Amino acid sequence: MNSTNLANEPLTDGNIIAPDGADIVAKLQQGIAQVIRGKSQVIADFLTAIIAGGSILLEDLPGVGKTTLCKTFARLVDLQFDRLQCTPDLLPADVYGFSIYNAQDGSFTFRPGPVFCNLLLVDEINRASPRTQSALLEAMAERQVTIEGSSRPLAHPFLVVATQNPSGFQGTYPLPEAQLDRFLFHMAIEYPDHDSEIELLYGQSRLELEVKPIIDGQGLLQLQNQATQVEVHRDLADYMVRIIAATRDNDRLQIGCSPRGSQMLFRASQAAAFMAGRSYVLPDDVQHVAPLALAHRIVSKRSAHELHSNKRALIQEIIDSTVVPA
């Protein structure tokens, strides 16, 4: 499908998004579901973060499909894809690139690193050293990198999907709070159900080969633009800020969510409404994305590296105790 069909137009005045946008979202979900079996909610959450323009941290056990999910999406959107396999000896130059000296004419030629792409898969990010992890901060936050004193813009769109093994696995370095704060969603895939795992045994390799592009990068940018036009009533914005404020006043938390958390929650709620085919946000949208967008931004008083599942449960408690606007 040609991305030019996705006109960069405002949303309809009614209750649904522009038909082209809804159609593309449905096709993307169906395309990924051919490969990632039995994970419709995971796929929807993954696309919600992408359409919100955010980066994703997938934390789960090895072998549950984190890399496959990312590669399948890259094929469907025809993005320039690159992969960075993290190891303890990985250096920032391995991320950004480096200059090579030409002895014949005394010039330097820049060799770009894997960050110069549309979709960067950072595999096992917590196996890289903190120095290399921090090299991704500028790229994720500002869509540029500074190399040898010069700023170089990254591709547009530019998205980072990072995978990590659960904390405590051998050879891992916990991501610092500043790094975690750059991710829009922190989510997991988890084990497939029984029937889906049987289907995986018979068909995944074949299905991966059959994945064909639906749109291109420009089409994705237009979807992201449409999502930013989803209406958020001021009462719902107030609701979001009250949830954020409750994380700062909670006795069990050492650090609550920053204003960036408010911004990310706002964007994610718009994208969730867009995914649902609506041109306005409902409280249900906020409640669904809040644990995904906020749990990794809080720090417990008990332990800075408390289990993510415990943090999500605490965010859910805060949501349940916050008055929903009428």
# chains A, B, ... in the order shown; residues from 1 in each chain; ligands from 1
>>> select_by_dssp(residues="range 47-236 of chain A", states="alpha helix (DSSP H)", output="compact mmCIF listing (two decimals) with all heavy atoms, in the first residue's frame")
# COMPACT_ATOMS: atom_id res chain seq x y z
N LEU A 47 2.56 -1.18 19.27
CA LEU A 47 2.20 -0.20 18.24
C LEU A 47 1.76 1.13 18.86
O LEU A 47 2.01 2.19 18.29
CB LEU A 47 1.09 -0.75 17.35
CG LEU A 47 1.50 -1.90 16.41
CD1 LEU A 47 0.29 -2.44 15.66
CD2 LEU A 47 2.57 -1.43 15.42
N THR A 48 1.13 1.07 20.02
CA THR A 48 0.75 2.32 20.71
C THR A 48 1.98 3.17 21.00
O THR A 48 1.99 4.38 20.75
CB THR A 48 0.01 1.99 22.02
OG1 THR A 48 -1.21 1.30 21.72
CG2 THR A 48 -0.31 3.27 22.79
N ALA A 49 3.04 2.54 21.51
CA ALA A 49 4.26 3.28 21.81
C ALA A 49 4.90 3.82 20.53
O ALA A 49 5.39 4.95 20.50
CB ALA A 49 5.25 2.38 22.54
N ILE A 50 4.90 3.01 19.47
CA ILE A 50 5.49 3.44 18.20
C ILE A 50 4.73 4.64 17.65
O ILE A 50 5.32 5.63 17.20
CB ILE A 50 5.48 2.29 17.19
CG1 ILE A 50 6.40 1.15 17.65
CG2 ILE A 50 5.86 2.78 15.80
CD1 ILE A 50 7.86 1.47 17.62
N ILE A 51 3.41 4.57 17.65
CA ILE A 51 2.59 5.66 17.10
C ILE A 51 2.71 6.90 17.97
O ILE A 51 2.59 8.04 17.49
CB ILE A 51 1.13 5.20 16.96
CG1 ILE A 51 1.04 4.18 15.80
CG2 ILE A 51 0.19 6.37 16.69
CD1 ILE A 51 -0.32 3.54 15.63
N LYS A 66 11.22 -11.23 21.51
CA LYS A 66 11.46 -9.78 21.55
C LYS A 66 12.08 -9.29 20.24
O LYS A 66 11.62 -8.32 19.64
CB LYS A 66 12.38 -9.42 22.72
CG LYS A 66 11.84 -9.84 24.09
CD LYS A 66 12.71 -9.35 25.23
CE LYS A 66 14.10 -9.97 25.26
NZ LYS A 66 14.07 -11.42 25.53
N THR A 67 13.13 -9.95 19.80
CA THR A 67 13.81 -9.55 18.57
C THR A 67 12.92 -9.76 17.36
O THR A 67 12.86 -8.93 16.44
CB THR A 67 15.12 -10.35 18.41
OG1 THR A 67 15.96 -10.09 19.54
CG2 THR A 67 15.86 -9.94 17.14
N THR A 68 12.18 -10.86 17.34
CA THR A 68 11.29 -11.17 16.21
C THR A 68 10.21 -10.12 16.07
O THR A 68 9.86 -9.71 14.95
CB THR A 68 10.66 -12.55 16.40
OG1 THR A 68 11.70 -13.54 16.50
CG2 THR A 68 9.75 -12.91 15.24
N LEU A 69 9.66 -9.66 17.18
CA LEU A 69 8.63 -8.61 17.15
C LEU A 69 9.17 -7.36 16.48
O LEU A 69 8.52 -6.76 15.61
CB LEU A 69 8.18 -8.31 18.58
CG LEU A 69 7.24 -7.12 18.78
CD1 LEU A 69 5.94 -7.31 18.02
CD2 LEU A 69 6.96 -6.91 20.28
N CYS A 70 10.36 -6.95 16.87
CA CYS A 70 10.96 -5.73 16.33
C CYS A 70 11.26 -5.87 14.84
O CYS A 70 10.95 -4.99 14.03
CB CYS A 70 12.24 -5.42 17.10
SG CYS A 70 13.01 -3.85 16.66
N LYS A 71 11.85 -6.98 14.44
CA LYS A 71 12.20 -7.20 13.03
C LYS A 71 10.95 -7.29 12.15
O LYS A 71 10.94 -6.80 11.03
CB LYS A 71 13.04 -8.48 12.90
CG LYS A 71 14.42 -8.36 13.51
CD LYS A 71 15.15 -9.70 13.54
CE LYS A 71 15.49 -10.18 12.14
NZ LYS A 71 16.29 -11.43 12.21
N THR A 72 9.90 -7.90 12.66
CA THR A 72 8.66 -8.01 11.90
C THR A 72 8.06 -6.64 11.65
O THR A 72 7.63 -6.32 10.53
CB THR A 72 7.65 -8.91 12.63
OG1 THR A 72 8.23 -10.19 12.86
CG2 THR A 72 6.38 -9.06 11.82
N PHE A 73 8.04 -5.79 12.69
CA PHE A 73 7.52 -4.44 12.52
C PHE A 73 8.34 -3.66 11.50
O PHE A 73 7.79 -2.94 10.65
CB PHE A 73 7.50 -3.71 13.86
CG PHE A 73 7.15 -2.25 13.73
CD1 PHE A 73 5.85 -1.86 13.52
CD2 PHE A 73 8.14 -1.28 13.80
CE1 PHE A 73 5.53 -0.52 13.38
CE2 PHE A 73 7.83 0.07 13.66
CZ PHE A 73 6.52 0.45 13.45
N ALA A 74 9.66 -3.78 11.56
CA ALA A 74 10.52 -3.06 10.63
C ALA A 74 10.22 -3.46 9.19
O ALA A 74 10.25 -2.62 8.28
CB ALA A 74 12.00 -3.33 10.95
N ARG A 75 9.92 -4.73 8.95
CA ARG A 75 9.58 -5.17 7.59
C ARG A 75 8.24 -4.61 7.15
O ARG A 75 8.07 -4.20 6.00
CB ARG A 75 9.54 -6.69 7.54
CG ARG A 75 10.91 -7.37 7.70
CD ARG A 75 10.79 -8.86 7.46
NE ARG A 75 12.05 -9.55 7.73
CZ ARG A 75 12.24 -10.84 7.50
NH1 ARG A 75 11.26 -11.57 7.00
NH2 ARG A 75 13.40 -11.40 7.77
N LEU A 76 7.28 -4.58 8.05
CA LEU A 76 5.94 -4.10 7.70
C LEU A 76 5.94 -2.62 7.34
O LEU A 76 5.14 -2.18 6.53
CB LEU A 76 4.98 -4.35 8.86
CG LEU A 76 4.54 -5.80 9.08
CD1 LEU A 76 3.84 -5.94 10.43
CD2 LEU A 76 3.64 -6.27 7.96
N PRO A 92 31.15 3.28 23.00
CA PRO A 92 30.28 4.26 22.36
C PRO A 92 30.54 4.41 20.87
O PRO A 92 29.60 4.63 20.09
CB PRO A 92 30.61 5.55 23.12
CG PRO A 92 31.02 5.10 24.47
CD PRO A 92 31.76 3.81 24.25
N ALA A 93 31.79 4.28 20.43
CA ALA A 93 32.10 4.38 19.00
C ALA A 93 31.44 3.27 18.20
O ALA A 93 31.15 3.43 17.01
CB ALA A 93 33.62 4.33 18.79
N ASP A 94 31.16 2.14 18.85
CA ASP A 94 30.46 1.05 18.18
C ASP A 94 28.99 1.39 17.96
O ASP A 94 28.32 0.77 17.13
CB ASP A 94 30.55 -0.23 19.01
CG ASP A 94 31.99 -0.72 19.17
OD1 ASP A 94 32.74 -0.65 18.18
OD2 ASP A 94 32.34 -1.15 20.29
N VAL A 95 28.48 2.37 18.68
CA VAL A 95 27.11 2.83 18.53
C VAL A 95 27.03 3.96 17.51
O VAL A 95 26.22 3.93 16.58
CB VAL A 95 26.54 3.31 19.89
CG1 VAL A 95 25.11 3.81 19.72
CG2 VAL A 95 26.61 2.19 20.92
N TYR A 96 27.89 4.97 17.69
CA TYR A 96 27.83 6.18 16.87
C TYR A 96 28.55 6.04 15.53
O TYR A 96 28.14 6.61 14.51
CB TYR A 96 28.46 7.36 17.61
CG TYR A 96 27.66 7.88 18.77
CD1 TYR A 96 28.21 8.79 19.67
CD2 TYR A 96 26.34 7.49 18.98
CE1 TYR A 96 27.49 9.29 20.74
CE2 TYR A 96 25.61 7.98 20.05
CZ TYR A 96 26.20 8.88 20.92
OH TYR A 96 25.48 9.37 21.97
N PRO A 130 27.78 0.81 31.59
CA PRO A 130 27.07 2.08 31.76
C PRO A 130 27.55 3.16 30.80
O PRO A 130 26.77 3.99 30.35
CB PRO A 130 27.37 2.44 33.22
CG PRO A 130 27.57 1.13 33.90
CD PRO A 130 28.26 0.27 32.88
N ARG A 131 28.83 3.17 30.47
CA ARG A 131 29.37 4.17 29.55
C ARG A 131 28.71 4.05 28.19
O ARG A 131 28.35 5.06 27.57
CB ARG A 131 30.88 4.00 29.43
CG ARG A 131 31.54 4.96 28.46
CD ARG A 131 33.01 4.64 28.29
NE ARG A 131 33.64 5.52 27.32
CZ ARG A 131 34.84 5.30 26.82
NH1 ARG A 131 35.55 4.25 27.20
NH2 ARG A 131 35.36 6.15 25.94
N THR A 132 28.54 2.84 27.71
CA THR A 132 27.93 2.64 26.41
C THR A 132 26.43 2.85 26.48
O THR A 132 25.82 3.39 25.54
CB THR A 132 28.25 1.22 25.89
OG1 THR A 132 29.67 1.06 25.84
CG2 THR A 132 27.68 1.01 24.50
N GLN A 133 25.80 2.45 27.59
CA GLN A 133 24.37 2.71 27.75
C GLN A 133 24.08 4.21 27.64
O GLN A 133 23.12 4.63 26.98
CB GLN A 133 23.88 2.19 29.10
CG GLN A 133 23.84 0.68 29.23
CD GLN A 133 23.47 0.26 30.64
OE1 GLN A 133 23.12 1.09 31.48
NE2 GLN A 133 23.54 -1.03 30.92
N SER A 134 24.92 5.02 28.26
CA SER A 134 24.70 6.46 28.25
C SER A 134 24.89 7.06 26.87
O SER A 134 24.38 8.16 26.59
CB SER A 134 25.64 7.15 29.25
OG SER A 134 27.00 7.01 28.85
N ALA A 135 25.60 6.37 26.00
CA ALA A 135 25.80 6.87 24.64
C ALA A 135 24.48 6.97 23.88
O ALA A 135 24.37 7.72 22.91
CB ALA A 135 26.78 5.97 23.88
N LEU A 136 23.48 6.22 24.33
CA LEU A 136 22.19 6.24 23.66
C LEU A 136 21.28 7.36 24.15
O LEU A 136 20.26 7.64 23.53
CB LEU A 136 21.48 4.90 23.86
CG LEU A 136 22.07 3.71 23.12
CD1 LEU A 136 21.52 2.41 23.68
CD2 LEU A 136 21.77 3.81 21.64
N LEU A 137 21.64 8.01 25.27
CA LEU A 137 20.77 9.03 25.84
C LEU A 137 20.47 10.16 24.88
O LEU A 137 19.32 10.55 24.67
CB LEU A 137 21.39 9.59 27.13
CG LEU A 137 21.23 8.76 28.40
CD1 LEU A 137 22.01 9.40 29.53
CD2 LEU A 137 19.76 8.64 28.78
N GLU A 138 21.51 10.72 24.28
CA GLU A 138 21.32 11.85 23.38
C GLU A 138 20.51 11.44 22.17
O GLU A 138 19.62 12.17 21.71
CB GLU A 138 22.69 12.41 22.93
CG GLU A 138 22.56 13.64 22.02
CD GLU A 138 23.90 14.15 21.53
OE1 GLU A 138 24.91 13.43 21.69
OE2 GLU A 138 23.94 15.27 20.99
N ALA A 139 20.79 10.27 21.63
CA ALA A 139 20.07 9.79 20.46
C ALA A 139 18.58 9.65 20.75
O ALA A 139 17.73 10.07 19.96
CB ALA A 139 20.65 8.46 19.99
N MET A 140 18.23 9.07 21.89
CA MET A 140 16.84 8.83 22.22
C MET A 140 16.10 10.12 22.58
O MET A 140 14.92 10.28 22.28
CB MET A 140 16.75 7.83 23.37
CG MET A 140 17.26 6.45 23.03
SD MET A 140 17.40 5.37 24.46
CE MET A 140 15.70 5.23 24.96
N ALA A 141 16.79 11.04 23.24
CA ALA A 141 16.14 12.26 23.72
C ALA A 141 16.09 13.36 22.67
O ALA A 141 15.11 14.11 22.61
CB ALA A 141 16.85 12.77 24.97
N GLU A 142 17.14 13.48 21.86
CA GLU A 142 17.25 14.64 20.98
C GLU A 142 17.30 14.29 19.49
O GLU A 142 17.39 15.18 18.65
CB GLU A 142 18.50 15.45 21.35
CG GLU A 142 18.49 15.94 22.79
CD GLU A 142 19.76 16.68 23.15
OE1 GLU A 142 20.32 17.34 22.25
OE2 GLU A 142 20.20 16.60 24.30
N GLU A 177 18.44 5.47 36.24
CA GLU A 177 17.13 6.10 36.13
C GLU A 177 17.03 7.04 34.93
O GLU A 177 15.99 7.10 34.26
CB GLU A 177 16.82 6.88 37.42
CG GLU A 177 16.50 6.02 38.63
CD GLU A 177 17.72 5.34 39.23
OE1 GLU A 177 18.86 5.76 38.91
OE2 GLU A 177 17.55 4.40 40.02
N ALA A 178 18.11 7.79 34.65
CA ALA A 178 18.08 8.73 33.52
C ALA A 178 17.90 8.01 32.19
O ALA A 178 17.26 8.54 31.27
CB ALA A 178 19.37 9.56 33.49
N GLN A 179 18.45 6.81 32.08
CA GLN A 179 18.29 6.02 30.86
C GLN A 179 16.87 5.46 30.77
O GLN A 179 16.23 5.53 29.72
CB GLN A 179 19.30 4.88 30.84
CG GLN A 179 19.23 4.00 29.59
CD GLN A 179 19.92 4.63 28.41
OE1 GLN A 179 21.01 5.14 28.52
NE2 GLN A 179 19.26 4.58 27.26
N LEU A 180 16.37 4.92 31.87
CA LEU A 180 15.02 4.37 31.87
C LEU A 180 13.98 5.42 31.51
O LEU A 180 12.98 5.14 30.84
CB LEU A 180 14.70 3.78 33.25
CG LEU A 180 15.37 2.46 33.62
CD1 LEU A 180 15.14 2.15 35.10
CD2 LEU A 180 14.84 1.33 32.75
N HIS A 194 -0.35 -22.41 25.15
CA HIS A 194 -0.04 -23.75 24.66
C HIS A 194 -0.24 -23.87 23.14
O HIS A 194 0.65 -24.31 22.41
CB HIS A 194 -0.92 -24.78 25.38
CG HIS A 194 -0.65 -26.20 24.99
ND1 HIS A 194 0.37 -26.95 25.54
CD2 HIS A 194 -1.27 -27.00 24.09
CE1 HIS A 194 0.37 -28.15 25.00
NE2 HIS A 194 -0.61 -28.21 24.12
N ASP A 195 -1.42 -23.46 22.66
CA ASP A 195 -1.73 -23.61 21.23
C ASP A 195 -0.83 -22.72 20.37
O ASP A 195 -0.40 -23.13 19.29
CB ASP A 195 -3.19 -23.27 20.97
CG ASP A 195 -4.14 -24.30 21.57
OD1 ASP A 195 -3.69 -25.44 21.83
OD2 ASP A 195 -5.33 -23.96 21.78
N SER A 196 -0.54 -21.51 20.84
CA SER A 196 0.32 -20.61 20.07
C SER A 196 1.73 -21.16 19.95
O SER A 196 2.39 -20.99 18.91
CB SER A 196 0.35 -19.22 20.72
OG SER A 196 -0.92 -18.64 20.72
N GLU A 197 2.20 -21.82 21.00
CA GLU A 197 3.54 -22.38 20.95
C GLU A 197 3.61 -23.55 19.96
O GLU A 197 4.63 -23.74 19.29
CB GLU A 197 4.00 -22.82 22.33
CG GLU A 197 5.48 -23.17 22.39
CD GLU A 197 6.05 -23.12 23.79
OE1 GLU A 197 5.31 -22.81 24.74
OE2 GLU A 197 7.27 -23.36 23.93
N ILE A 198 2.54 -24.31 19.84
CA ILE A 198 2.50 -25.38 18.84
C ILE A 198 2.54 -24.78 17.44
O ILE A 198 3.28 -25.24 16.56
CB ILE A 198 1.24 -26.25 19.02
CG1 ILE A 198 1.33 -27.03 20.33
CG2 ILE A 198 1.07 -27.22 17.84
CD1 ILE A 198 0.08 -27.84 20.65
N GLU A 199 1.77 -23.71 17.19
CA GLU A 199 1.79 -23.04 15.89
C GLU A 199 3.17 -22.50 15.58
O GLU A 199 3.63 -22.54 14.43
CB GLU A 199 0.76 -21.90 15.87
CG GLU A 199 -0.68 -22.37 15.87
CD GLU A 199 -1.63 -21.21 15.75
OE1 GLU A 199 -1.31 -20.24 15.04
OE2 GLU A 199 -2.70 -21.24 16.39
N LEU A 200 3.84 -21.98 16.60
CA LEU A 200 5.19 -21.45 16.41
C LEU A 200 6.14 -22.53 15.91
O LEU A 200 6.97 -22.29 15.04
CB LEU A 200 5.67 -20.85 17.73
CG LEU A 200 7.04 -20.18 17.77
CD1 LEU A 200 7.02 -19.07 18.82
CD2 LEU A 200 8.16 -21.15 18.11
N LEU A 201 5.99 -23.74 16.44
CA LEU A 201 6.87 -24.84 16.02
C LEU A 201 6.74 -25.14 14.54
O LEU A 201 7.72 -25.47 13.88
CB LEU A 201 6.54 -26.10 16.84
CG LEU A 201 6.75 -26.03 18.35
CD1 LEU A 201 6.33 -27.34 19.00
CD2 LEU A 201 8.21 -25.73 18.68
N TYR A 202 5.56 -24.98 14.00
CA TYR A 202 5.33 -25.35 12.61
C TYR A 202 5.51 -24.22 11.60
O TYR A 202 5.86 -24.46 10.46
CB TYR A 202 3.90 -25.89 12.44
CG TYR A 202 3.73 -27.30 12.92
CD1 TYR A 202 3.16 -27.55 14.16
CD2 TYR A 202 4.16 -28.38 12.15
CE1 TYR A 202 3.01 -28.85 14.62
CE2 TYR A 202 4.01 -29.68 12.60
CZ TYR A 202 3.43 -29.91 13.83
OH TYR A 202 3.30 -31.19 14.28
N GLY A 203 5.25 -22.95 12.06
CA GLY A 203 5.12 -21.94 11.03
C GLY A 203 5.90 -20.67 11.11
O GLY A 203 5.89 -19.88 10.18
N GLN A 204 6.64 -20.36 12.20
CA GLN A 204 7.18 -19.01 12.34
C GLN A 204 8.16 -18.65 11.24
O GLN A 204 8.10 -17.57 10.67
CB GLN A 204 7.85 -18.84 13.71
CG GLN A 204 8.45 -17.45 13.88
CD GLN A 204 8.91 -17.18 15.29
OE1 GLN A 204 8.26 -17.57 16.24
NE2 GLN A 204 10.00 -16.49 15.44
N SER A 205 9.11 -19.53 10.93
CA SER A 205 10.13 -19.19 9.93
C SER A 205 9.48 -18.85 8.59
O SER A 205 9.85 -17.90 7.92
CB SER A 205 11.12 -20.34 9.77
OG SER A 205 11.83 -20.55 10.97
N ARG A 206 8.49 -19.67 8.20
CA ARG A 206 7.83 -19.43 6.92
C ARG A 206 7.09 -18.10 6.94
O ARG A 206 7.14 -17.33 5.98
CB ARG A 206 6.85 -20.57 6.65
CG ARG A 206 6.00 -20.36 5.40
CD ARG A 206 5.10 -21.57 5.15
NE ARG A 206 4.23 -21.81 6.30
CZ ARG A 206 3.10 -21.14 6.51
NH1 ARG A 206 2.72 -20.18 5.68
NH2 ARG A 206 2.35 -21.41 7.55
N LEU A 207 6.40 -17.81 8.04
CA LEU A 207 5.62 -16.59 8.12
C LEU A 207 6.50 -15.35 8.10
O LEU A 207 6.15 -14.33 7.52
CB LEU A 207 4.75 -16.60 9.39
CG LEU A 207 3.55 -17.56 9.34
CD1 LEU A 207 2.93 -17.71 10.71
CD2 LEU A 207 2.51 -17.08 8.34
N GLU A 208 7.68 -15.40 8.74
CA GLU A 208 8.57 -14.26 8.72
C GLU A 208 8.96 -13.90 7.29
O GLU A 208 9.05 -12.73 6.92
CB GLU A 208 9.83 -14.57 9.53
CG GLU A 208 9.64 -14.40 11.03
CD GLU A 208 10.98 -14.43 11.74
OE1 GLU A 208 11.69 -13.43 11.66
OE2 GLU A 208 11.27 -15.47 12.35
N LEU A 209 9.16 -14.91 6.46
CA LEU A 209 9.55 -14.66 5.08
C LEU A 209 8.41 -14.02 4.28
O LEU A 209 8.64 -13.35 3.29
CB LEU A 209 9.99 -15.96 4.41
CG LEU A 209 11.28 -16.59 4.97
CD1 LEU A 209 11.52 -17.94 4.32
CD2 LEU A 209 12.47 -15.68 4.76
N GLU A 210 7.17 -14.24 4.70
CA GLU A 210 6.03 -13.73 3.95
C GLU A 210 5.64 -12.31 4.35
O GLU A 210 4.75 -11.73 3.74
CB GLU A 210 4.82 -14.66 4.17
CG GLU A 210 5.01 -16.04 3.54
CD GLU A 210 3.83 -16.95 3.83
OE1 GLU A 210 2.92 -16.52 4.58
OE2 GLU A 210 3.83 -18.08 3.32
N GLY A 217 8.37 4.76 5.94
CA GLY A 217 8.65 5.66 7.05
C GLY A 217 7.81 6.91 7.02
O GLY A 217 7.37 7.40 8.07
N GLN A 218 7.57 7.46 5.82
CA GLN A 218 6.75 8.66 5.72
C GLN A 218 5.32 8.38 6.15
O GLN A 218 4.68 9.19 6.82
CB GLN A 218 6.78 9.19 4.28
CG GLN A 218 6.10 10.54 4.08
CD GLN A 218 6.74 11.63 4.91
OE1 GLN A 218 7.95 11.67 5.08
NE2 GLN A 218 5.92 12.54 5.43
N GLY A 219 4.83 7.21 5.80
CA GLY A 219 3.49 6.83 6.23
C GLY A 219 3.40 6.71 7.74
O GLY A 219 2.39 7.09 8.35
N LEU A 220 4.45 6.19 8.36
CA LEU A 220 4.47 6.09 9.82
C LEU A 220 4.46 7.48 10.45
O LEU A 220 3.76 7.72 11.44
CB LEU A 220 5.70 5.30 10.28
CG LEU A 220 5.90 5.19 11.79
CD1 LEU A 220 4.71 4.50 12.46
CD2 LEU A 220 7.20 4.46 12.11
N LEU A 221 5.23 8.40 9.90
CA LEU A 221 5.24 9.77 10.42
C LEU A 221 3.85 10.40 10.35
O LEU A 221 3.43 11.13 11.25
CB LEU A 221 6.24 10.63 9.64
CG LEU A 221 7.72 10.34 9.89
CD1 LEU A 221 8.58 11.16 8.92
CD2 LEU A 221 8.10 10.66 11.33
N GLN A 222 3.12 10.09 9.29
CA GLN A 222 1.77 10.64 9.15
C GLN A 222 0.82 10.03 10.19
O GLN A 222 -0.05 10.73 10.73
CB GLN A 222 1.27 10.42 7.73
CG GLN A 222 2.04 11.26 6.70
CD GLN A 222 1.71 10.89 5.27
OE1 GLN A 222 0.83 10.08 5.00
NE2 GLN A 222 2.42 11.49 4.32
N LEU A 223 0.98 8.75 10.47
CA LEU A 223 0.18 8.14 11.53
C LEU A 223 0.49 8.81 12.87
O LEU A 223 -0.42 9.12 13.66
CB LEU A 223 0.49 6.64 11.63
CG LEU A 223 -0.13 5.70 10.61
CD1 LEU A 223 0.31 4.27 10.90
CD2 LEU A 223 -1.64 5.79 10.60
N GLN A 224 1.77 9.03 13.14
CA GLN A 224 2.17 9.67 14.39
C GLN A 224 1.60 11.07 14.48
O GLN A 224 1.17 11.52 15.55
CB GLN A 224 3.69 9.70 14.50
CG GLN A 224 4.31 8.31 14.70
CD GLN A 224 5.82 8.33 14.65
OE1 GLN A 224 6.44 9.28 14.13
NE2 GLN A 224 6.45 7.30 15.18
N ASN A 225 1.58 11.79 13.37
CA ASN A 225 1.03 13.13 13.34
C ASN A 225 -0.47 13.11 13.63
O ASN A 225 -0.99 13.95 14.38
CB ASN A 225 1.29 13.80 11.99
CG ASN A 225 0.73 15.20 11.93
OD1 ASN A 225 1.19 16.11 12.60
ND2 ASN A 225 -0.31 15.38 11.12
N GLN A 226 -1.19 12.16 13.03
CA GLN A 226 -2.62 12.05 13.29
C GLN A 226 -2.89 11.79 14.76
O GLN A 226 -3.84 12.32 15.33
CB GLN A 226 -3.23 10.94 12.44
CG GLN A 226 -3.37 11.28 10.97
CD GLN A 226 -4.15 10.24 10.20
OE1 GLN A 226 -4.59 9.24 10.75
NE2 GLN A 226 -4.32 10.46 8.91
N ALA A 227 -2.04 10.97 15.39
CA ALA A 227 -2.25 10.65 16.80
C ALA A 227 -2.11 11.88 17.69
O ALA A 227 -2.79 11.99 18.72
CB ALA A 227 -1.27 9.56 17.25
N THR A 228 -1.24 12.81 17.32
CA THR A 228 -1.07 14.02 18.13
C THR A 228 -2.28 14.94 18.07
O THR A 228 -2.41 15.85 18.90
CB THR A 228 0.18 14.82 17.68
OG1 THR A 228 -0.01 15.29 16.34
CG2 THR A 228 1.43 13.97 17.76
N ARG A 234 -9.44 18.86 29.10
CA ARG A 234 -8.62 19.39 30.20
C ARG A 234 -8.84 18.61 31.50
O ARG A 234 -7.92 18.45 32.30
CB ARG A 234 -8.93 20.88 30.41
CG ARG A 234 -7.94 21.56 31.35
CD ARG A 234 -8.12 23.06 31.38
NE ARG A 234 -7.11 23.70 32.21
CZ ARG A 234 -5.88 24.03 31.80
NH1 ARG A 234 -5.52 23.77 30.55
NH2 ARG A 234 -5.03 24.61 32.60
N ASP A 235 -10.06 18.10 31.71
CA ASP A 235 -10.31 17.30 32.92
C ASP A 235 -9.45 16.02 32.91
O ASP A 235 -9.03 15.55 33.97
CB ASP A 235 -11.78 16.92 33.00
CG ASP A 235 -12.66 18.11 33.39
OD1 ASP A 235 -12.10 19.13 33.83
OD2 ASP A 235 -13.89 18.00 33.24
N LEU A 236 -9.21 15.46 31.71
CA LEU A 236 -8.38 14.27 31.62
C LEU A 236 -6.91 14.61 31.82
O LEU A 236 -6.16 13.83 32.40
CB LEU A 236 -8.58 13.58 30.27
CG LEU A 236 -9.80 12.66 30.19
CD1 LEU A 236 -9.95 12.09 28.78
CD2 LEU A 236 -9.71 11.53 31.19
>>> select_by_dssp(residues="range 91-243 of chain A", states="strand (DSSP E)", output="ChimeraX atom specification")
/A:97-102,107-112,119-123,144-147,150-153,159-164,183-187
>>> write_last_selection(atoms="C-alpha atoms", output="tab-separated table (two decimals), in the first residue's frame")
chain	number	residue	atom	x	y	z
A	97	GLY	CA	30.55	5.33	14.38
A	98	PHE	CA	34.06	6.66	13.95
A	99	SER	CA	36.40	8.45	11.55
A	100	ILE	CA	39.07	6.62	9.56
A	101	TYR	CA	42.29	8.41	8.66
A	102	ASN	CA	43.40	8.30	5.02
A	107	SER	CA	41.69	13.28	5.29
A	108	PHE	CA	39.23	11.56	7.61
A	109	THR	CA	36.24	9.56	6.42
A	110	PHE	CA	33.34	9.06	8.80
A	111	ARG	CA	31.94	5.55	9.06
A	112	PRO	CA	28.45	5.78	10.60
A	119	LEU	CA	14.68	1.54	13.77
A	120	LEU	CA	17.51	0.52	16.06
A	121	LEU	CA	17.20	-2.74	17.95
A	122	VAL	CA	19.49	-2.62	20.97
A	123	ASP	CA	19.66	-6.24	21.98
A	144	GLN	CA	20.93	13.53	17.21
A	145	VAL	CA	24.40	12.44	18.28
A	146	THR	CA	27.53	14.45	18.98
A	147	ILE	CA	30.65	12.93	17.46
A	150	SER	CA	29.97	17.95	15.84
A	151	SER	CA	26.24	17.21	16.04
A	152	ARG	CA	24.86	14.82	13.46
A	153	PRO	CA	21.07	14.49	13.01
A	159	LEU	CA	12.94	4.70	17.04
A	160	VAL	CA	14.79	2.61	19.59
A	161	VAL	CA	13.54	-0.76	20.75
A	162	ALA	CA	15.82	-2.16	23.45
A	163	THR	CA	15.63	-5.60	24.96
A	164	GLN	CA	17.01	-6.59	28.30
A	183	PHE	CA	11.75	4.94	27.26
A	184	LEU	CA	8.05	5.55	26.71
A	185	PHE	CA	6.98	1.99	27.59
A	186	HIS	CA	8.61	-0.73	29.66
A	187	MET	CA	6.82	-3.94	28.75
>>> closest_atom_pairs(of="range 178-279 of chain A", to="range 61-64 of chain A", cutoff="8 Å", atoms="only C-alpha atoms", output="tab-separated table")
residue	atom	partner	partner_atom	distance
A:Ile189	CA	A:Val64	CA	6.7
A:Glu190	CA	A:Val64	CA	6.4
A:Tyr191	CA	A:Val64	CA	6.1
A:Pro192	CA	A:Val64	CA	7.6
>>> closest_residue(among="A:Leu314, A:Ala33, A:Val230, A:Ala326", to="Gly277 in chain A", atoms="only C-alpha atoms")
A:Val230
>>> atom_distance(atom1="CA of Ser258 in chain A", atom2="CA of Phe116 in chain A")
29.1 Å
>>> residues_around(residues="Tyr239 in chain A", least_positions_apart="3", cutoff="10 Å", atoms="only C-alpha atoms", output="list in words")
His233, Arg234, Asp235, Leu236, Arg242, Ile243, Ile244, Ala245, Pro283, Val286, Ile319, Thr322, Val323, Val324 and Pro325 of chain A
>>> closest_residue(among="A:Gly53, A:Pro259, A:Pro291, A:Gly31", to="Asp181 in chain A", atoms="only C-alpha atoms")
A:Pro259
